[in-house]
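Engineer: Here's a structure for you.
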Amino acid sequence: TADKHVDPQETGTIDNSNSAPVILGAPGQNIEVSSFYSFKPSASDADDDILSFNIINKPDWATFNSETGELYGISQVAGSYENIEISVSDVSLRTSLNAFEINVTLPITYNVSISWEKPSQNTDGSALNNISGYEIMYGNSEENKDNTVYFDGALTDGIIEGLLPGNYYFSMTTITSNALVSNESETFY
């Protein structure tokens, strides 16, 4: 009898290959302080393996979900957060997005110049000569003027600084040196 040589390749093969997972997405890179940031990549695996996500250099203000790859949060401080890298892995292979950065900037604000005429009499008609200051109230609606600025009684104009874009409504009161406060003026915007 002759010895028969069996080639393992002829008796059947086991495919031990594993495809690397794929991760895609374009993370936003610029937000303003106090704005919500969210980025969630899409990922797939040709072998239908269970995927998990990882992050390197996660900003301290953000939360990362290792099951979905979502990075989200609100930064209260301006700054640049660099070399953030999100990756996805199956049982044995890992694929990463290109490293990216998030720049958190201060919002653009505006200054508003206001002016007024100095009142000359009290509501009872007597002369008003002891003005110590003016209180300017303002807000985003006529009913909700929740901000207040004080100006010295010698002034008839002023600047309110740091207003975010939007519509504002203003009114004012006059305060005397003996702490009497006038009725609120008509609202202007």
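We name chains A, B, ... following the order of the structure tokens; residues begin at 1 in each chain, and ligands are numbered from 1 as shown.
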Hey, what does DSSP flag as strand (DSSP E or B) within stretch 69-187 of chain A? Can you give it to me as a short mmCIF file (atom, residue, chain, number, x, y, z; two decimals) with C-alpha atoms, in the first residue's frame?
Structural biologist:
```
data_model
loop_
_atom_site.label_atom_id
_atom_site.label_comp_id
_atom_site.auth_asym_id
_atom_site.auth_seq_id
_atom_site.Cartn_x
_atom_site.Cartn_y
_atom_site.Cartn_z
CA LEU A 71 -19.08 62.97 22.15
CA TYR A 72 -21.27 65.68 23.68
CA GLY A 73 -21.37 68.41 26.28
CA ILE A 74 -21.30 72.12 27.06
CA GLY A 79 -10.15 77.18 24.74
CA SER A 80 -8.80 74.80 22.14
CA TYR A 81 -9.02 71.05 22.67
CA GLU A 82 -6.62 69.28 20.30
CA ASN A 83 -5.69 65.80 19.07
CA ILE A 84 -9.06 64.27 19.92
CA GLU A 85 -9.23 60.81 18.41
CA ILE A 86 -12.31 58.60 18.29
CA SER A 87 -11.83 54.97 17.30
CA VAL A 88 -14.01 51.90 16.87
CA SER A 89 -12.96 48.31 17.46
CA ARG A 94 -9.33 49.06 15.64
CA THR A 95 -9.96 51.89 13.17
CA SER A 96 -9.71 55.60 14.03
CA PHE A 100 -9.48 66.64 15.30
CA GLU A 101 -9.79 69.68 17.53
CA ILE A 102 -12.67 71.62 19.04
CA ASN A 103 -12.28 75.37 19.44
CA VAL A 104 -14.56 76.90 22.07
CA THR A 105 -14.85 80.65 21.56
CA TYR A 110 -22.35 94.08 21.16
CA ASN A 111 -22.35 97.40 23.01
CA VAL A 112 -25.41 99.64 23.00
CA SER A 113 -25.21 103.42 23.45
CA ILE A 114 -28.17 105.02 25.16
CA SER A 115 -28.96 108.59 26.07
CA GLN A 121 -39.24 117.91 38.16
CA ALA A 127 -38.04 120.93 41.12
CA ILE A 131 -30.61 112.97 41.27
CA SER A 132 -28.08 110.44 42.47
CA GLY A 133 -28.42 107.91 39.67
CA TYR A 134 -30.35 106.15 36.96
CA GLU A 135 -31.34 102.52 36.82
CA ILE A 136 -31.66 101.07 33.30
CA MET A 137 -33.59 97.80 33.08
CA TYR A 138 -33.37 95.69 29.93
CA GLY A 139 -34.22 92.26 28.59
CA SER A 141 -39.05 91.15 26.03
CA ASN A 144 -38.97 90.35 31.09
CA ASN A 147 -30.93 92.91 33.65
CA THR A 148 -30.08 96.16 35.40
CA VAL A 149 -27.33 98.74 34.93
CA TYR A 150 -26.77 101.82 37.11
CA PHE A 151 -25.44 105.16 35.90
CA ASP A 152 -24.32 108.17 37.94
CA ASP A 157 -25.80 108.88 28.33
CA GLY A 158 -24.08 105.55 28.78
CA ILE A 159 -23.00 102.32 27.16
CA ILE A 160 -24.35 98.88 28.01
CA GLU A 161 -21.68 96.32 27.12
CA GLY A 162 -21.62 92.64 26.30
CA LEU A 163 -25.07 92.10 24.81
CA TYR A 169 -36.25 96.34 25.49
CA PHE A 170 -35.15 99.13 27.84
CA SER A 171 -36.74 101.31 30.50
CA MET A 172 -35.34 103.45 33.28
CA THR A 173 -36.02 104.97 36.68
CA THR A 174 -34.45 107.97 38.36
CA ILE A 175 -33.11 107.67 41.91
CA THR A 176 -32.74 110.67 44.21
CA VAL A 181 -37.27 106.02 42.95
#
```
Engineer: Give me, as a Markdown table, each residue of stretch 67-115 of chain A that comes within 8 Å of stretch 47-52 of chain A, together with its shortest interatomic pair and the distance in Å at one decimal, counting only C-alpha atoms, with rows ordered by chain and rising residue number.
Structural biologist:
```
| residue | atom | partner | partner_atom | distance |
| --- | --- | --- | --- | --- |
| A:Glu67 | CA | A:Ser52 | CA | 5.5 |
| A:Thr68 | CA | A:Ser52 | CA | 7.5 |
| A:Gly69 | CA | A:Ser52 | CA | 7.8 |
| A:Val88 | CA | A:Ser52 | CA | 5.6 |
| A:Ser89 | CA | A:Ser52 | CA | 5.5 |
| A:Asp90 | CA | A:Leu51 | CA | 4.8 |
| A:Val91 | CA | A:Asp49 | CA | 7.2 |
```
Engineer: Export, as a PDB file, in the first residue's frame, the selected residues with N, CA and C atoms.
Structural biologist:
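Dumped everything to selection-v5.pdb:
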```
ATOM      1  N   GLU A  67     -20.575  53.082  23.675  1.00  0.00           N
ATOM      2  CA  GLU A  67     -21.416  52.194  22.873  1.00  0.00           C
ATOM      3  C   GLU A  67     -21.808  52.810  21.539  1.00  0.00           C
ATOM      4  N   THR A  68     -21.936  54.135  21.486  1.00  0.00           N
ATOM      5  CA  THR A  68     -22.363  54.803  20.253  1.00  0.00           C
ATOM      6  C   THR A  68     -21.273  55.664  19.625  1.00  0.00           C
ATOM      7  N   GLY A  69     -20.243  56.012  20.389  1.00  0.00           N
ATOM      8  CA  GLY A  69     -19.183  56.885  19.903  1.00  0.00           C
ATOM      9  C   GLY A  69     -19.523  58.357  19.976  1.00  0.00           C
ATOM     10  N   VAL A  88     -13.051  52.990  16.705  1.00  0.00           N
ATOM     11  CA  VAL A  88     -14.006  51.896  16.874  1.00  0.00           C
ATOM     12  C   VAL A  88     -13.230  50.588  16.765  1.00  0.00           C
ATOM     13  N   SER A  89     -13.650  49.599  17.540  1.00  0.00           N
ATOM     14  CA  SER A  89     -12.959  48.308  17.458  1.00  0.00           C
ATOM     15  C   SER A  89     -13.965  47.168  17.527  1.00  0.00           C
ATOM     16  N   ASP A  90     -13.572  46.059  16.853  1.00  0.00           N
ATOM     17  CA  ASP A  90     -14.324  44.816  16.992  1.00  0.00           C
ATOM     18  C   ASP A  90     -13.529  43.954  17.959  1.00  0.00           C
ATOM     19  N   VAL A  91     -13.600  42.702  17.843  1.00  0.00           N
ATOM     20  CA  VAL A  91     -12.895  41.831  18.785  1.00  0.00           C
ATOM     21  C   VAL A  91     -11.384  42.049  18.737  1.00  0.00           C
TER      22      VAL A  91
END
```
Engineer: Could you state the separation of atom CA of A:Leu106 and atom CA of A:Tyr168 in Å, given to one decimal place?
Structural biologist: 20.3 Å
Engineer: Hey, what's within 8 Å of A:Ala46 if we count only C-alpha atoms and toss same-chain stuff fewer than 3 positions away? As a list in words, please?
Structural biologist: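 In the requested format, the answer is Ser19, Ala20, Pro21 and Asp49 of chain A.
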Engineer: Which value, in Å to one decimal, gives the distance between atom CA of A:Pro107 and atom CA of A:Glu70?
Structural biologist: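 Between these atoms lies a distance of 24.6 Å.
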Engineer: Report the distance between atom CA of A:Pro59 and atom CA of A:Lys40 in Å, rounded to one decimal place.
Structural biologist: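 Value for the atom CA of A:Pro59-atom CA of A:Lys40 distance: 15.1 Å.
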Engineer: Could you check the closest approach to A:Asn98 for each of A:Ala62, A:Ile56, A:Glu143, A:Ser177 and tell me which residue wins, using only C-alpha atoms?
Structural biologist: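 Between A:Ala62, A:Ile56, A:Glu143, A:Ser177, the residue approaching A:Asn98 most closely is A:Ile56.
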Engineer: Measuring between only C-alpha atoms, which one of A:Thr63, A:Asn167, A:Ser75, A:Ser185 shows the shortest distance to A:Trp116?
Structural biologist: A:Ser185
Engineer: Compare A:Ala154, A:Leu128, A:Leu97, A:Val22 by their minimum atom-to-atom distance to A:Asp45, counting only C-alpha atoms, and give me the closest one.
Structural biologist: A:Val22
